[in-house]
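Participant: The file below is final_27.pdb, PDB, C-alpha atoms:
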```pdb
ATOM      1  CA  MET R   1     123.599 395.773  57.719
ATOM      2  CA  ALA R   2     125.991 395.471  60.671
ATOM      3  CA  ASP R   3     127.498 392.304  59.152
ATOM      4  CA  LEU R   4     127.924 394.042  55.784
ATOM      5  CA  PHE R   5     130.140 396.773  57.221
ATOM      6  CA  GLY R   6     131.996 394.552  59.691
ATOM      7  CA  PHE R   7     130.490 396.031  62.863
ATOM      8  CA  ASP R   8     128.984 392.782  64.127
ATOM      9  CA  ALA R   9     131.138 392.750  67.265
ATOM     10  CA  PHE R  10     130.437 391.419  70.732
ATOM     11  CA  SER R  11     129.456 394.090  73.261
ATOM     12  CA  PRO R  12     131.714 394.911  76.241
ATOM     13  CA  LYS R  13     129.307 393.039  78.531
ATOM     14  CA  GLN R  14     129.487 389.991  76.281
ATOM     15  CA  ILE R  15     133.284 390.240  76.186
ATOM     16  CA  ALA R  16     133.373 390.245  79.990
ATOM     17  CA  GLU R  17     131.266 387.089  80.060
ATOM     18  CA  LYS R  18     133.533 385.439  77.457
ATOM     19  CA  VAL R  19     136.690 386.336  79.379
ATOM     20  CA  ASP R  20     135.088 384.984  82.549
ATOM     21  CA  SER R  21     134.104 381.636  81.033
ATOM     22  CA  ILE R  22     137.324 381.225  79.036
ATOM     23  CA  GLY R  23     139.270 381.885  82.224
ATOM     24  CA  VAL R  24     137.721 378.770  83.783
ATOM     25  CA  ILE R  25     138.737 376.673  80.761
ATOM     26  CA  LYS R  26     142.293 378.036  80.820
ATOM     27  CA  ALA R  27     142.700 377.459  84.553
ATOM     28  CA  ARG R  28     141.652 373.818  84.202
ATOM     29  CA  LEU R  29     143.678 372.815  81.163
ATOM     30  CA  PRO R  30     145.582 369.534  81.554
ATOM     31  CA  LEU R  31     149.119 370.231  82.752
ATOM     32  CA  LEU R  32     150.820 368.943  79.587
ATOM     33  CA  SER R  33     148.581 371.064  77.357
ATOM     34  CA  MET R  34     149.180 374.115  79.542
ATOM     35  CA  VAL R  35     152.961 373.640  79.366
ATOM     36  CA  MET R  36     153.066 373.038  75.609
ATOM     37  CA  LEU R  37     150.778 375.983  74.851
ATOM     38  CA  GLY R  38     152.906 378.128  77.174
ATOM     39  CA  ILE R  39     156.082 377.152  75.330
ATOM     40  CA  LEU R  40     154.429 378.050  72.027
ATOM     41  CA  ALA R  41     153.369 381.465  73.360
ATOM     42  CA  GLY R  42     156.894 382.262  74.545
ATOM     43  CA  ALA R  43     158.265 381.379  71.106
ATOM     44  CA  PHE R  44     155.512 383.365  69.353
ATOM     45  CA  ILE R  45     156.301 386.501  71.366
ATOM     46  CA  GLY R  46     159.974 385.931  70.619
ATOM     47  CA  LEU R  47     159.212 385.897  66.895
ATOM     48  CA  GLY R  48     157.461 389.230  67.236
ATOM     49  CA  ALA R  49     160.472 390.587  69.144
ATOM     50  CA  LEU R  50     162.811 389.302  66.413
ATOM     51  CA  TYR R  51     160.738 391.102  63.780
ATOM     52  CA  PHE R  52     160.897 394.276  65.900
ATOM     53  CA  VAL R  53     164.713 394.163  66.084
ATOM     54  CA  ILE R  54     165.032 393.861  62.312
ATOM     55  CA  ILE R  55     163.162 397.158  61.987
ATOM     56  CA  LYS R  56     165.165 398.766  64.798
ATOM     57  CA  SER R  57     168.468 397.812  63.155
ATOM     58  CA  ASP R  58     167.778 400.126  60.205
ATOM     59  CA  ALA R  59     169.670 403.300  61.053
ATOM     60  CA  SER R  60     168.066 405.176  58.150
ATOM     61  CA  LEU R  61     164.710 405.365  59.946
ATOM     62  CA  GLY R  62     163.833 408.276  62.194
ATOM     63  CA  PHE R  63     162.998 407.629  65.853
ATOM     64  CA  GLY R  64     159.220 407.896  65.528
ATOM     65  CA  THR R  65     159.061 405.878  62.319
ATOM     66  CA  SER R  66     161.335 403.217  63.771
ATOM     67  CA  GLN R  67     159.257 402.917  66.956
ATOM     68  CA  LEU R  68     155.966 402.774  65.065
ATOM     69  CA  LEU R  69     157.067 400.226  62.466
ATOM     70  CA  GLY R  70     158.829 398.179  65.127
ATOM     71  CA  GLY R  71     155.650 398.124  67.205
ATOM     72  CA  ILE R  72     153.562 396.994  64.248
ATOM     73  CA  ALA R  73     156.097 394.234  63.548
ATOM     74  CA  PHE R  74     156.074 393.141  67.202
ATOM     75  CA  SER R  75     152.293 392.683  66.984
ATOM     76  CA  LEU R  76     153.023 389.442  65.105
ATOM     77  CA  GLY R  77     153.651 387.779  68.468
ATOM     78  CA  LEU R  78     150.210 388.394  69.961
ATOM     79  CA  LEU R  79     148.522 387.711  66.628
ATOM     80  CA  LEU R  80     150.085 384.246  66.660
ATOM     81  CA  VAL R  81     149.035 383.699  70.278
ATOM     82  CA  VAL R  82     145.415 384.746  69.702
ATOM     83  CA  VAL R  83     144.783 383.293  66.252
ATOM     84  CA  ALA R  84     146.971 380.166  66.297
ATOM     85  CA  GLY R  85     146.268 379.456  69.969
ATOM     86  CA  ALA R  86     148.702 379.553  72.886
ATOM     87  CA  GLU R  87     148.852 380.357  76.609
ATOM     88  CA  LEU R  88     150.522 383.693  77.388
ATOM     89  CA  PHE R  89     151.192 384.750  80.976
ATOM     90  CA  THR R  90     150.484 388.424  80.389
ATOM     91  CA  GLY R  91     147.168 387.695  78.680
ATOM     92  CA  ASN R  92     146.257 385.126  81.324
ATOM     93  CA  ASN R  93     146.359 387.868  83.932
ATOM     94  CA  LEU R  94     142.730 388.316  82.842
ATOM     95  CA  LEU R  95     141.957 385.088  84.716
ATOM     96  CA  ALA R  96     141.596 387.425  87.691
ATOM     97  CA  MET R  97     138.033 387.991  86.455
ATOM     98  CA  ALA R  98     137.073 384.330  86.848
ATOM     99  CA  TRP R  99     138.811 384.278  90.239
ATOM    100  CA  ALA R 100     136.931 387.374  91.433
ATOM    101  CA  ASP R 101     133.715 385.762  90.188
ATOM    102  CA  LYS R 102     134.563 382.715  92.358
ATOM    103  CA  LYS R 103     134.601 380.406  89.341
ATOM    104  CA  ILE R 104     138.216 379.339  89.902
ATOM    105  CA  SER R 105     140.141 378.982  93.135
ATOM    106  CA  THR R 106     143.226 380.921  94.214
ATOM    107  CA  ALA R 107     145.256 377.719  93.818
ATOM    108  CA  GLU R 108     144.030 377.266  90.221
ATOM    109  CA  LEU R 109     144.820 380.896  89.415
ATOM    110  CA  LEU R 110     148.339 380.773  90.825
ATOM    111  CA  LYS R 111     149.053 377.396  89.243
ATOM    112  CA  ASN R 112     148.113 378.744  85.814
ATOM    113  CA  TRP R 113     150.227 381.865  86.215
ATOM    114  CA  LEU R 114     153.279 379.954  87.487
ATOM    115  CA  VAL R 115     153.106 377.133  84.937
ATOM    116  CA  VAL R 116     152.379 379.418  81.989
ATOM    117  CA  CYS R 117     155.034 381.976  82.954
ATOM    118  CA  GLY R 118     157.667 379.248  83.358
ATOM    119  CA  SER R 119     156.644 377.641  80.075
ATOM    120  CA  ASN R 120     156.748 381.018  78.324
ATOM    121  CA  PHE R 121     160.346 381.381  79.537
ATOM    122  CA  ILE R 122     161.274 377.986  78.078
ATOM    123  CA  GLY R 123     159.712 378.919  74.736
ATOM    124  CA  ALA R 124     161.228 382.400  74.563
ATOM    125  CA  ALA R 125     164.724 381.395  75.735
ATOM    126  CA  GLY R 126     164.617 378.269  73.569
ATOM    127  CA  LEU R 127     163.815 380.384  70.522
ATOM    128  CA  ALA R 128     166.650 382.744  71.515
ATOM    129  CA  PHE R 129     169.088 379.822  71.386
ATOM    130  CA  LEU R 130     167.796 378.663  67.995
ATOM    131  CA  VAL R 131     167.988 382.200  66.591
ATOM    132  CA  TYR R 132     171.556 382.613  67.829
ATOM    133  CA  ALA R 133     172.623 379.185  66.535
ATOM    134  CA  SER R 134     171.092 379.955  63.128
ATOM    135  CA  GLY R 135     173.447 382.901  62.587
ATOM    136  CA  HIS R 136     170.529 385.328  62.267
ATOM    137  CA  THR R 137     172.217 387.918  64.495
ATOM    138  CA  GLU R 138     175.048 388.294  61.975
ATOM    139  CA  MET R 139     172.679 389.939  59.485
ATOM    140  CA  ASN R 140     173.258 393.548  58.420
ATOM    141  CA  HIS R 141     177.009 393.136  59.073
ATOM    142  CA  GLY R 142     176.425 392.308  62.730
ATOM    143  CA  VAL R 143     174.221 395.326  63.441
ATOM    144  CA  ILE R 144     171.410 392.970  64.490
ATOM    145  CA  ALA R 145     173.625 391.499  67.235
ATOM    146  CA  GLU R 146     174.663 394.962  68.404
ATOM    147  CA  ARG R 147     171.039 396.052  68.572
ATOM    148  CA  TYR R 148     170.110 393.044  70.735
ATOM    149  CA  LEU R 149     172.935 393.921  73.108
ATOM    150  CA  GLN R 150     171.817 397.561  73.275
ATOM    151  CA  ILE R 151     168.195 396.602  73.942
ATOM    152  CA  ALA R 152     169.123 394.057  76.617
ATOM    153  CA  GLU R 153     171.606 396.438  78.278
ATOM    154  CA  ALA R 154     168.902 399.119  78.556
ATOM    155  CA  LYS R 155     166.423 396.637  80.018
ATOM    156  CA  CYS R 156     168.864 395.177  82.554
ATOM    157  CA  SER R 157     169.863 398.689  83.681
ATOM    158  CA  LEU R 158     166.341 399.918  84.410
ATOM    159  CA  PRO R 159     165.683 400.982  88.025
ATOM    160  CA  PHE R 160     163.146 398.760  89.817
ATOM    161  CA  TRP R 161     160.272 401.239  89.849
ATOM    162  CA  SER R 162     160.788 402.296  86.229
ATOM    163  CA  ALA R 163     160.681 398.641  85.152
ATOM    164  CA  PHE R 164     157.627 398.010  87.361
ATOM    165  CA  LEU R 165     155.626 400.969  86.070
ATOM    166  CA  ARG R 166     156.548 400.250  82.453
ATOM    167  CA  GLY R 167     155.341 396.700  83.095
ATOM    168  CA  VAL R 168     152.036 398.035  84.444
ATOM    169  CA  LEU R 169     151.487 400.268  81.414
ATOM    170  CA  CYS R 170     152.521 397.535  79.001
ATOM    171  CA  ASN R 171     150.056 394.974  80.252
ATOM    172  CA  ILE R 172     147.162 397.390  80.385
ATOM    173  CA  LEU R 173     147.588 397.687  76.623
ATOM    174  CA  VAL R 174     148.270 393.969  76.070
ATOM    175  CA  CYS R 175     145.147 392.928  78.001
ATOM    176  CA  MET R 176     143.090 395.588  76.240
ATOM    177  CA  ALA R 177     144.325 394.149  72.926
ATOM    178  CA  ILE R 178     143.155 390.685  73.972
ATOM    179  CA  TRP R 179     139.899 392.132  75.329
ATOM    180  CA  MET R 180     139.141 393.899  72.039
ATOM    181  CA  ALA R 181     140.221 390.877  69.977
ATOM    182  CA  MET R 182     137.503 388.912  71.754
ATOM    183  CA  ALA R 183     134.967 391.392  70.373
ATOM    184  CA  GLY R 184     135.806 390.313  66.845
ATOM    185  CA  ARG R 185     134.323 387.402  64.939
ATOM    186  CA  SER R 186     136.958 387.122  62.191
ATOM    187  CA  VAL R 187     140.743 386.989  61.963
ATOM    188  CA  ILE R 188     140.746 390.456  60.392
ATOM    189  CA  ASP R 189     138.689 391.827  63.299
ATOM    190  CA  LYS R 190     141.158 390.362  65.783
ATOM    191  CA  ALA R 191     144.205 391.623  63.866
ATOM    192  CA  VAL R 192     142.911 395.199  63.760
ATOM    193  CA  ALA R 193     142.072 395.068  67.474
ATOM    194  CA  ILE R 194     145.550 393.797  68.361
ATOM    195  CA  VAL R 195     147.857 395.939  66.228
ATOM    196  CA  PHE R 196     147.057 399.376  67.630
ATOM    197  CA  PRO R 197     147.453 398.760  71.394
ATOM    198  CA  ILE R 198     150.462 396.464  70.910
ATOM    199  CA  SER R 199     152.274 398.869  68.596
ATOM    200  CA  ALA R 200     151.483 401.647  71.096
ATOM    201  CA  PHE R 201     153.118 399.889  74.058
ATOM    202  CA  VAL R 202     156.177 398.953  72.001
ATOM    203  CA  ALA R 203     156.550 402.460  70.553
ATOM    204  CA  ALA R 204     156.266 403.926  74.061
ATOM    205  CA  GLY R 205     159.068 401.697  75.372
ATOM    206  CA  PHE R 206     156.990 399.807  77.950
ATOM    207  CA  GLU R 207     158.151 396.460  79.355
ATOM    208  CA  HIS R 208     156.736 393.046  78.437
ATOM    209  CA  SER R 209     158.101 390.247  80.627
ATOM    210  CA  ILE R 210     157.826 387.486  78.027
ATOM    211  CA  ALA R 211     159.491 389.561  75.308
ATOM    212  CA  ASN R 212     162.331 390.225  77.760
ATOM    213  CA  MET R 213     162.684 386.453  78.224
ATOM    214  CA  PHE R 214     163.736 386.448  74.554
ATOM    215  CA  PHE R 215     165.712 389.693  74.312
ATOM    216  CA  ILE R 216     167.970 389.200  77.323
ATOM    217  CA  PRO R 217     168.876 385.489  76.883
ATOM    218  CA  LEU R 218     169.667 386.118  73.213
ATOM    219  CA  ALA R 219     171.933 389.010  74.209
ATOM    220  CA  MET R 220     173.566 386.686  76.761
ATOM    221  CA  PHE R 221     174.277 384.140  74.012
ATOM    222  CA  ILE R 222     175.724 386.866  71.770
ATOM    223  CA  GLN R 223     177.902 388.254  74.542
ATOM    224  CA  ALA R 224     179.160 384.833  75.610
ATOM    225  CA  PHE R 225     179.903 383.319  72.216
ATOM    226  CA  SER R 226     180.274 386.103  69.625
ATOM    227  CA  ASP R 227     182.983 388.654  69.000
ATOM    228  CA  THR R 228     180.864 391.685  68.163
ATOM    229  CA  GLY R 229     183.150 394.316  69.659
ATOM    230  CA  ALA R 230     180.194 395.602  71.697
ATOM    231  CA  VAL R 231     180.013 395.134  75.450
ATOM    232  CA  ALA R 232     176.823 395.108  77.527
ATOM    233  CA  GLY R 233     178.044 394.937  81.098
ATOM    234  CA  ALA R 234     174.636 394.739  82.770
ATOM    235  CA  VAL R 235     173.554 391.775  80.630
ATOM    236  CA  GLY R 236     173.706 388.504  82.540
ATOM    237  CA  TRP R 237     171.753 386.359  84.979
ATOM    238  CA  LEU R 238     171.632 389.119  87.573
ATOM    239  CA  GLY R 239     170.460 391.623  84.975
ATOM    240  CA  LEU R 240     167.827 389.163  83.725
ATOM    241  CA  ILE R 241     166.455 388.594  87.224
ATOM    242  CA  SER R 242     166.582 392.290  88.160
ATOM    243  CA  ASN R 243     164.489 393.054  85.073
ATOM    244  CA  LEU R 244     162.009 390.169  85.199
ATOM    245  CA  ILE R 245     160.995 390.546  88.848
ATOM    246  CA  PRO R 246     159.674 394.127  88.615
ATOM    247  CA  VAL R 247     158.349 393.679  85.060
ATOM    248  CA  ILE R 248     156.408 390.509  85.934
ATOM    249  CA  LEU R 249     154.966 392.230  89.014
ATOM    250  CA  GLY R 250     154.065 395.273  86.918
ATOM    251  CA  ASN R 251     152.466 393.122  84.226
ATOM    252  CA  LEU R 252     150.403 391.389  86.926
ATOM    253  CA  VAL R 253     149.121 394.661  88.339
ATOM    254  CA  GLY R 254     148.384 396.168  84.932
ATOM    255  CA  GLY R 255     146.586 393.125  83.521
ATOM    256  CA  SER R 256     144.839 391.558  86.499
ATOM    257  CA  VAL R 257     143.995 394.631  88.583
ATOM    258  CA  LEU R 258     143.688 397.555  86.184
ATOM    259  CA  VAL R 259     141.962 395.595  83.420
ATOM    260  CA  GLY R 260     140.589 392.297  84.730
ATOM    261  CA  LEU R 261     139.291 393.390  88.125
ATOM    262  CA  VAL R 262     138.120 396.780  86.861
ATOM    263  CA  TYR R 263     135.964 395.140  84.187
ATOM    264  CA  TYR R 264     134.775 392.547  86.697
ATOM    265  CA  VAL R 265     133.434 395.343  88.932
ATOM    266  CA  ILE R 266     131.817 397.109  85.973
ATOM    267  CA  TYR R 267     130.140 394.151  84.254
ATOM    268  CA  LEU R 268     130.109 391.023  86.436
ATOM    269  CA  ARG R 269     130.005 391.994  90.098
ATOM    270  CA  LYS R 270     126.617 391.283  91.607
ATOM    271  CA  PRO R 271     124.961 394.055  93.636
ATOM    272  CA  ALA R 272     125.261 393.649  97.400
ATOM    273  CA  SER R 273     121.510 392.955  97.650
ATOM    274  CA  ASP R 274     121.840 389.984  95.262
ATOM    275  CA  GLN R 275     124.861 388.658  97.165
ATOM    276  CA  ASN R 276     122.906 388.750 100.425
ATOM    277  CA  LYS R 277     120.099 386.688  98.862
ATOM    278  CA  GLU R 278     122.628 383.987  98.059
TER
END
```
Spell out the structure here as structure tokens.
Facilitator:
Amino acid sequence: MADLFGFDAFSPKQIAEKVDSIGVIKARLPLLSMVMLGILAGAFIGLGALYFVIIKSDASLGFGTSQLLGGIAFSLGLLLVVVAGAELFTGNNLLAMAWADKKISTAELLKNWLVVCGSNFIGAAGLAFLVYASGHTEMNHGVIAERYLQIAEAKCSLPFWSAFLRGVLCNILVCMAIWMAMAGRSVIDKAVAIVFPISAFVAAGFEHSIANMFFIPLAMFIQAFSDTGAVAGAVGWLGLISNLIPVILGNLVGGSVLVGLVYYVIYLRKPASDQNKE
């Protein structure tokens, strides 16, 4: 009966065990595979961001409608990561569970985060170059290019603590999307689990470090090589760094501490009496 109505999902306890065991596999991927899957994830998130900007460039939409539809469109990125397979830094913050469970070492954890984050940047910035070179930003009489500049300017101008806290809130929702997707047994299950939390963080204006690795470099290309008539003074290498540092730190706290470690304590942590027996 449960299968008939699509409720045959893994329990939260089973999800915790899956995240724990998958974390070991992810941490010990061969370096080349880790890099290539990281590049794919950066490009996938960039595609979701591109889809989002197309929605946001339609001035006829009201604010709420624009944010909601843009968030749903952005969900494409994580759908591609989860269903097609890729290594995403923000999702891999859940490796903190396997680390807390002493199944991977601190060195393995940090290596995965550093390699995957760097590879995500290559994928996202590489896609940004291809999108710019394709002439895509000239669509809608150049409004697409102007929207990228506006988005990047706002991101590069965020105060440190605003960017950090928006990063925390963002990755709570991203990691919850991945967590719930692991409960599903079909692509439809995973899609439903992903769309709501991802569209929520996008609609709320929270900060995703890998998406920003697409938005800001693309705006830098537009500003450097296009004559749009729009100026985004904060957009540049300094603006990119000043955004990514607090957002990456916020994503780490939101995903690894407030999701990964919280669920580790709830479902996987052994009672003190059991630890003493060991």
Participant: Which residue out of R:Leu37, R:Val247, R:Leu169, R:Leu261 has the minimum interatomic distance to R:Gly123 when all atoms listed in the file are used?
Facilitator: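 Checking each candidate against R:Gly123, we get R:Leu37 as the closest.
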Participant: Give as a ChimeraX atom specification the set of residues within 10 Å of the point (174.4, 398.1, 66.1), where distances use the file's coordinates and all atoms listed in the file.
Facilitator: /R:56-59,140-150,228,230
Participant: Determine the residue set returned by the PyMOL selection byres ((chain R and resi 114) around 12) for the present structure, and present it as a ChimeraX atom specification.
Facilitator: /R:27,31,34-35,38,87-90,92-93,107-113,115-121,248,252
Participant: Expand the PyMOL selection byres ((chain R and resi 167) around 9) into the individual residues it matches in the shown file, reporting them as a ChimeraX atom specification.
Facilitator: /R:162-166,168-172,206-209,246-254
Participant: Just give me the gap between atom CA of R:Ile25 and atom CA of R:Ile178 in Å, one decimal is fine.
Facilitator: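 Computed distance, atom CA of R:Ile25 to atom CA of R:Ile178, equals 16.2 Å.
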Participant: R:Ala133, R:Ser199, R:Lys190, R:Ala98: which is nearest R:Arg28, counting only C-alpha atoms?
Facilitator: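 Looking only at the distances to R:Arg28, the closest residue turns out to be R:Ala98.
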Participant: For the structure shown, which residues end up in the PyMOL selection byres ((chain R and resi 82) around 12)? Put them as a VMD selection string, please?
Facilitator: chain R and resid 37 40 to 41 44 to 45 75 to 81 83 to 88 91 to 92 174 to 175 177 to 182 184 186 to 191 193 to 195
Participant: Go ahead and compute the interatomic distance for atom CA of R:Gly71 and atom CA of R:Ile216, in Å to one decimal.
Facilitator: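 Computing it gives 18.3 Å between the two atoms.
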Participant: Please, what distance in Å, to one decimal, runs between atom CA of R:Phe196 and atom CA of R:Leu127?
Facilitator: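 It comes out at 25.5 Å.
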Participant: Got a sec: who's within 9 Å of R:Tyr51, counting all atoms listed in the file, leaving out chain neighbours fewer than 4 positions off, as a list in words?
Facilitator: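 Non-adjacent residues within range: Gly46, Leu47, Ile55, Lys56, Gly70, Ala73, Phe74 and Leu76 of chain R.
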Participant: Could you write out as AutoDock Vina command-line options the box around stretch 249-254 of chain R (axis-aligned, all atoms listed in the file, 3 Å on each side), with centre and edge lengths in Å to one decimal?
Facilitator:
```
--center_x 151.7 --center_y 393.8 --center_z 86.6 --size_x 12.6 --size_y 10.8 --size_z 10.8
```
Participant: Find the residues with any atom within 10 Å of (135.2, 385.3, 82.1); use only C-alpha atoms and the coordinates as given in the file, and write the answer as a PyMOL selection string.
Facilitator: chain R and resi 14-25+94-101+103+260+264+268
Participant: Okay, now the selection with C-alpha atoms, as a PDB file, in the coordinates of the input?
Facilitator:
```pdb
ATOM      1  CA  GLN R  14     129.487 389.991  76.281  1.00  0.00           C
ATOM      2  CA  ILE R  15     133.284 390.240  76.186  1.00  0.00           C
ATOM      3  CA  ALA R  16     133.373 390.245  79.990  1.00  0.00           C
ATOM      4  CA  GLU R  17     131.266 387.089  80.060  1.00  0.00           C
ATOM      5  CA  LYS R  18     133.533 385.439  77.457  1.00  0.00           C
ATOM      6  CA  VAL R  19     136.690 386.336  79.379  1.00  0.00           C
ATOM      7  CA  ASP R  20     135.088 384.984  82.549  1.00  0.00           C
ATOM      8  CA  SER R  21     134.104 381.636  81.033  1.00  0.00           C
ATOM      9  CA  ILE R  22     137.324 381.225  79.036  1.00  0.00           C
ATOM     10  CA  GLY R  23     139.270 381.885  82.224  1.00  0.00           C
ATOM     11  CA  VAL R  24     137.721 378.770  83.783  1.00  0.00           C
ATOM     12  CA  ILE R  25     138.737 376.673  80.761  1.00  0.00           C
ATOM     13  CA  LEU R  94     142.730 388.316  82.842  1.00  0.00           C
ATOM     14  CA  LEU R  95     141.957 385.088  84.716  1.00  0.00           C
ATOM     15  CA  ALA R  96     141.596 387.425  87.691  1.00  0.00           C
ATOM     16  CA  MET R  97     138.033 387.991  86.455  1.00  0.00           C
ATOM     17  CA  ALA R  98     137.073 384.330  86.848  1.00  0.00           C
ATOM     18  CA  TRP R  99     138.811 384.278  90.239  1.00  0.00           C
ATOM     19  CA  ALA R 100     136.931 387.374  91.433  1.00  0.00           C
ATOM     20  CA  ASP R 101     133.715 385.762  90.188  1.00  0.00           C
ATOM     21  CA  LYS R 103     134.601 380.406  89.341  1.00  0.00           C
ATOM     22  CA  GLY R 260     140.589 392.297  84.730  1.00  0.00           C
ATOM     23  CA  TYR R 264     134.775 392.547  86.697  1.00  0.00           C
ATOM     24  CA  LEU R 268     130.109 391.023  86.436  1.00  0.00           C
TER      25      LEU R 268
END
```
Participant: Rank R:Arg269, R:Lys155, R:Arg185, R:Lys26 by their smallest atom-to-atom distance to R:Asn243, using only C-alpha atoms, and report the top residue only.
Facilitator: R:Lys155
Participant: Pick the closest to R:Tyr132 from R:Leu173, R:Met220, R:Leu32, R:Ile198: which is it, counting all atoms listed in the file?
Facilitator: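 Closest candidate: R:Met220.
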Participant: Find the residues around R:Glu153 up to 7 Å (only C-alpha atoms counted), leave out those fewer than 3 positions away in its own chain, and share them as a list in words.
Facilitator: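 So the residues in contact are Leu149, Gln150, Cys156, Ser157, Ala232, Ala234 and Val235 of chain R.
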